[in-house]
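A quick write-up on the structure given underneath.
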Amino acid sequence: MKALFSFVGVLLVFQLQAQKVDCSLKVKEYQSLIHESKWNEAYTAWNVVRNNCPKENESLYTEGLQILNYKIDNESNPEAKELAVRDALKLYDQYAINYPLAIPNYQALKAMLLVSNKMGTPEEIFSLLDSCWIKNTTTITDALTIYTYFNLYYQKYNTDSKVVNAAMLLDKYMHITLVLNTLETTNPVQINEYEAAERNCHNLVKELLTCDFLSEYFEKNFAEQKENADWLSSALSTFTVKCGGLPLYYALAEANYKAKRTTKSAYYFGIANTKIRKFDEAIQYFIEAEELETNPFEKAKLDYSLASGLLSSDKSKAKALVIKAATLDPKMGKAYIYLAELYANSAEECGTNDIEKKTIYYLAAETLKKAVTMEPRLKITAEKMAEKYTAKILTEKEIISKKLNGKTIKIGCWINDSITFPAKK
């Protein structure tokens, strides 16, 4: 009897090994068919492995999704297409069961598969996205997925404010904003997509974001959250600049700056000080924000903002900042538009005689050419400005009569620049 059981055991082992060998062969078969773009045949062989050896290897799922996506994209029959989509949803579930660490955001991927194929109900899609958001917020990095989730949440508020009330919507909006802001830093390559998602989310709730409502909401939560830098930063991002003059805005900005010194916390505190007319303090916080910023394009924006705003009366500093901004962002032509204005507006102040005054206008016109080179879309604006300046510059006859051809005139004052007139032709 023992011999019989031993024989049966050995037979089972051989059967299991045979089954594994079959799966290995089938894997090679469907992979070869994928390589030859024979997707329908590949599906048949792949499905055998899927049903018999679900843990054969992880590529079973990644390659299976390739096969199913091909079927989905090339299926013209609506019913067959939905069957293929549902099959892919089932595969995502199997993938998550057998390789959970590889695909923690599978529910979000399922939801967006439904969205991209215009299938599923809003409730089904929301349920998948909400579950993923609650369990694995950090695994959702696609801008469209984040916007889709918030849009569906907003629709719930719009449909029934008892299910989602205004405070709940604002909670969600702040969390969404915080996630998008974080992703803008960690995934700068996709910053345009994240910023677009942020704008679209803002547009959904902008009617709700009144200074009165936000003040009431933040007042209730401030005491509990006053040391939470992330919450404070998100609150200030939501508490738009138009509300910056409110005492609560200053309190939030000050607490945020004390909790964590970052380019954003310094920037918000700069705004808060501007609103209460503490301009010297505001300048220092904006300068600190620029120093802490690591993205050159964002540094350029801060430099330009300072030059054209709080430091516009200090023309020497304003000039240095706009040139720095243009260096950091070679496409910021508006920096030279602004510099040309500064020059032209200082002709009377800095020109000690008629020739110098006309030379300053010439310098302004030449500066406009740099703006157009950097940012061609500014051509019309620059040309209109140049018309005003060229009407006041030295004419060709004046240049000849005063023997200025090929000569350089240095302008002092804050301008501290020079112009070399063209040599005689």
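Labels used: A, B, ... for chains in the order of the structure tokens, numbers from 1 for residues in each chain, and numbers from 1 for ligands as shown.
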
Practice prompt. Within 12 Å of A:Ile146, counting only C-alpha atoms, which residues show up once you throw out same-chain ones fewer than 4 positions away? Write them as a PyMOL selection string, please.
Written response: chain A and resi 108-109+111-112+126+129-130+132-133+137-142+150-153+172-173+175-180+183+193-198+200-201

Worksheet item: If we count only C-alpha atoms, what is near A:Cys350 at a cut-off of 10 Å, once residues fewer than 6 positions away on the same chain are taken out, given as a ChimeraX atom specification?
Response: /A:343-344,356-357,360,411-416

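Going from atom CA of A:Gly406 over to atom CA of A:Lys424, you cover 7.1 Å.
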
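Remark: for A:Met374, the closest of the candidate residues A:Tyr336, A:Tyr70, A:Phe297, A:Trp39 is A:Tyr336 (distances computed over only C-alpha atoms).
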
Fill in: Residue neighbourhood A:Thr62, 12 Å, only C-alpha atoms, exclusion window fewer than 5 positions, as a PyMOL selection string
chain A and resi 31+46+50+57+67-69+88+91-92+94-96+99+102-103

Item to complete: Tell me which protein, DNA and RNA residues are within 10 Å of A:Ile72, counting only C-alpha atoms, leaving out same-chain ones fewer than 3 positions away, and put them as a list in words.
Response: Gln66, Ile67, Leu68, Asn69, Glu75, Ser76, Asn77, Pro78, Ala80, Lys81, Glu82, Leu83, Ala84, Val85, Arg86, Asp87, Ala88 and Asn117 of chain A

Store the residues picked out above in a file with all heavy atoms, as a CSV table (one decimal), in the first residue's frame.
chain,number,residue,atom,x,y,z
A,66,GLN,N,-0.8,44.7,-22.3
A,66,GLN,CA,-0.5,45.1,-23.7
A,66,GLN,C,-1.5,44.5,-24.6
A,66,GLN,O,-2.0,45.1,-25.5
A,66,GLN,CB,0.9,44.7,-24.0
A,66,GLN,CG,2.0,45.6,-23.5
A,66,GLN,CD,3.4,45.1,-24.0
A,66,GLN,OE1,4.0,44.2,-23.4
A,66,GLN,NE2,3.8,45.6,-25.1
A,67,ILE,N,-1.6,43.2,-24.5
A,67,ILE,CA,-2.5,42.4,-25.4
A,67,ILE,C,-4.0,42.9,-25.3
A,67,ILE,O,-4.6,43.1,-26.3
A,67,ILE,CB,-2.5,40.9,-25.0
A,67,ILE,CG1,-1.1,40.3,-25.3
A,67,ILE,CG2,-3.5,40.1,-25.8
A,67,ILE,CD1,-0.8,38.9,-24.8
A,68,LEU,N,-4.4,43.1,-24.0
A,68,LEU,CA,-5.8,43.5,-23.9
A,68,LEU,C,-6.0,45.0,-24.3
A,68,LEU,O,-7.1,45.3,-24.9
A,68,LEU,CB,-6.2,43.4,-22.4
A,68,LEU,CG,-6.4,42.0,-21.9
A,68,LEU,CD1,-6.6,41.9,-20.4
A,68,LEU,CD2,-7.6,41.3,-22.6
A,69,ASN,N,-5.0,45.8,-24.1
A,69,ASN,CA,-5.2,47.2,-24.6
A,69,ASN,C,-5.2,47.2,-26.2
A,69,ASN,O,-5.9,48.1,-26.7
A,69,ASN,CB,-4.0,48.0,-24.1
A,69,ASN,CG,-4.2,48.5,-22.7
A,69,ASN,OD1,-5.3,48.8,-22.3
A,69,ASN,ND2,-3.1,48.6,-21.9
A,75,GLU,N,-11.1,47.1,-31.3
A,75,GLU,CA,-12.4,46.5,-31.3
A,75,GLU,C,-13.4,47.5,-31.7
A,75,GLU,O,-13.6,48.5,-31.0
A,75,GLU,CB,-12.7,45.9,-29.9
A,75,GLU,CG,-14.0,45.1,-29.9
A,75,GLU,CD,-14.1,44.0,-30.9
A,75,GLU,OE1,-13.4,43.0,-30.8
A,75,GLU,OE2,-14.8,44.2,-31.9
A,76,SER,N,-14.1,47.2,-32.8
A,76,SER,CA,-15.2,48.2,-33.3
A,76,SER,C,-16.6,47.8,-32.7
A,76,SER,O,-17.4,48.7,-32.6
A,76,SER,CB,-15.2,48.1,-34.8
A,76,SER,OG,-15.5,46.8,-35.3
A,77,ASN,N,-16.8,46.6,-32.3
A,77,ASN,CA,-18.0,46.2,-31.7
A,77,ASN,C,-18.1,46.7,-30.3
A,77,ASN,O,-17.3,46.3,-29.4
A,77,ASN,CB,-18.2,44.7,-31.8
A,77,ASN,CG,-19.5,44.2,-31.3
A,77,ASN,OD1,-19.8,44.2,-30.1
A,77,ASN,ND2,-20.4,43.8,-32.2
A,78,PRO,N,-19.1,47.5,-29.9
A,78,PRO,CA,-19.2,48.1,-28.6
A,78,PRO,C,-19.3,47.0,-27.5
A,78,PRO,O,-18.6,47.2,-26.4
A,78,PRO,CB,-20.5,48.9,-28.6
A,78,PRO,CG,-20.7,49.3,-30.1
A,78,PRO,CD,-20.2,48.1,-30.8
A,80,ALA,N,-18.2,43.8,-27.6
A,80,ALA,CA,-17.0,43.1,-27.5
A,80,ALA,C,-15.9,44.0,-26.9
A,80,ALA,O,-15.0,43.6,-26.1
A,80,ALA,CB,-16.5,42.7,-28.9
A,81,LYS,N,-16.0,45.3,-27.2
A,81,LYS,CA,-15.0,46.3,-26.6
A,81,LYS,C,-15.2,46.3,-25.1
A,81,LYS,O,-14.2,46.3,-24.3
A,81,LYS,CB,-15.2,47.7,-27.2
A,81,LYS,CG,-14.1,48.7,-26.8
A,81,LYS,CD,-14.5,50.0,-27.5
A,81,LYS,CE,-13.4,51.0,-27.3
A,81,LYS,NZ,-12.3,50.9,-28.2
A,82,GLU,N,-16.4,46.4,-24.6
A,82,GLU,CA,-16.7,46.4,-23.2
A,82,GLU,C,-16.2,45.1,-22.5
A,82,GLU,O,-15.7,45.2,-21.4
A,82,GLU,CB,-18.2,46.7,-22.9
A,82,GLU,CG,-18.4,46.7,-21.4
A,82,GLU,CD,-19.5,47.7,-21.0
A,82,GLU,OE1,-20.2,48.2,-21.8
A,82,GLU,OE2,-19.7,47.9,-19.7
A,83,LEU,N,-16.4,44.0,-23.2
A,83,LEU,CA,-15.9,42.8,-22.6
A,83,LEU,C,-14.4,42.8,-22.4
A,83,LEU,O,-13.9,42.3,-21.4
A,83,LEU,CB,-16.3,41.6,-23.5
A,83,LEU,CG,-17.8,41.1,-23.5
A,83,LEU,CD1,-18.1,40.1,-24.5
A,83,LEU,CD2,-18.1,40.6,-22.1
A,84,ALA,N,-13.7,43.4,-23.4
A,84,ALA,CA,-12.3,43.5,-23.3
A,84,ALA,C,-11.8,44.4,-22.2
A,84,ALA,O,-10.9,44.1,-21.5
A,84,ALA,CB,-11.7,43.9,-24.7
A,85,VAL,N,-12.6,45.5,-22.0
A,85,VAL,CA,-12.3,46.4,-20.9
A,85,VAL,C,-12.5,45.8,-19.6
A,85,VAL,O,-11.6,45.8,-18.7
A,85,VAL,CB,-13.1,47.7,-21.1
A,85,VAL,CG1,-13.0,48.5,-19.8
A,85,VAL,CG2,-12.7,48.5,-22.3
A,86,ARG,N,-13.6,45.1,-19.5
A,86,ARG,CA,-13.9,44.4,-18.2
A,86,ARG,C,-12.9,43.3,-17.9
A,86,ARG,O,-12.5,43.0,-16.8
A,86,ARG,CB,-15.3,43.8,-18.3
A,86,ARG,CG,-16.4,44.8,-18.3
A,86,ARG,CD,-16.5,45.6,-17.0
A,86,ARG,NE,-17.4,46.8,-17.1
A,86,ARG,CZ,-17.6,47.7,-16.2
A,86,ARG,NH1,-16.9,47.5,-15.0
A,86,ARG,NH2,-18.3,48.7,-16.4
A,87,ASP,N,-12.4,42.6,-19.0
A,87,ASP,CA,-11.3,41.6,-18.8
A,87,ASP,C,-10.1,42.3,-18.3
A,87,ASP,O,-9.4,41.7,-17.4
A,87,ASP,CB,-11.1,41.0,-20.2
A,87,ASP,CG,-10.3,39.6,-20.1
A,87,ASP,OD1,-10.2,39.1,-18.9
A,87,ASP,OD2,-9.9,39.1,-21.1
A,88,ALA,N,-9.7,43.5,-18.8
A,88,ALA,CA,-8.6,44.2,-18.3
A,88,ALA,C,-8.7,44.6,-16.9
A,88,ALA,O,-7.8,44.5,-16.1
A,88,ALA,CB,-8.3,45.4,-19.2
A,117,ASN,N,-12.2,55.0,-22.1
A,117,ASN,CA,-13.1,54.3,-23.0
A,117,ASN,C,-14.6,54.6,-22.9
A,117,ASN,O,-15.4,54.0,-23.5
A,117,ASN,CB,-12.9,52.8,-22.8
A,117,ASN,CG,-11.5,52.3,-23.4
A,117,ASN,OD1,-11.3,52.2,-24.6
A,117,ASN,ND2,-10.6,52.0,-22.5

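Interatomic distance, atom CA of A:Leu128 against atom CA of A:Lys55: 24.7 Å.
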
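Nearest residue to A:Leu101 among A:Asn136, A:Thr395, A:Thr186, A:Asn47 is A:Asn136, counting only C-alpha atoms.
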
Practice prompt. Step one, run DSSP on the backbone; step two, keep only residues of stretch 28-273 of chain A assigned to alpha helix (DSSP H); then write them as number ranges by chain.
Written response: A: 28-35, 39-52, 59-74, 78-98, 106-116, 122-136, 143-159, 166-186, 191-205, 211-225, 229-238, 247-259, 263-273

Worksheet entry | Point-to-point distance from atom CA of A:Tyr285 to atom CA of A:Gly270, Å rounded to tenths | 4.9 Å
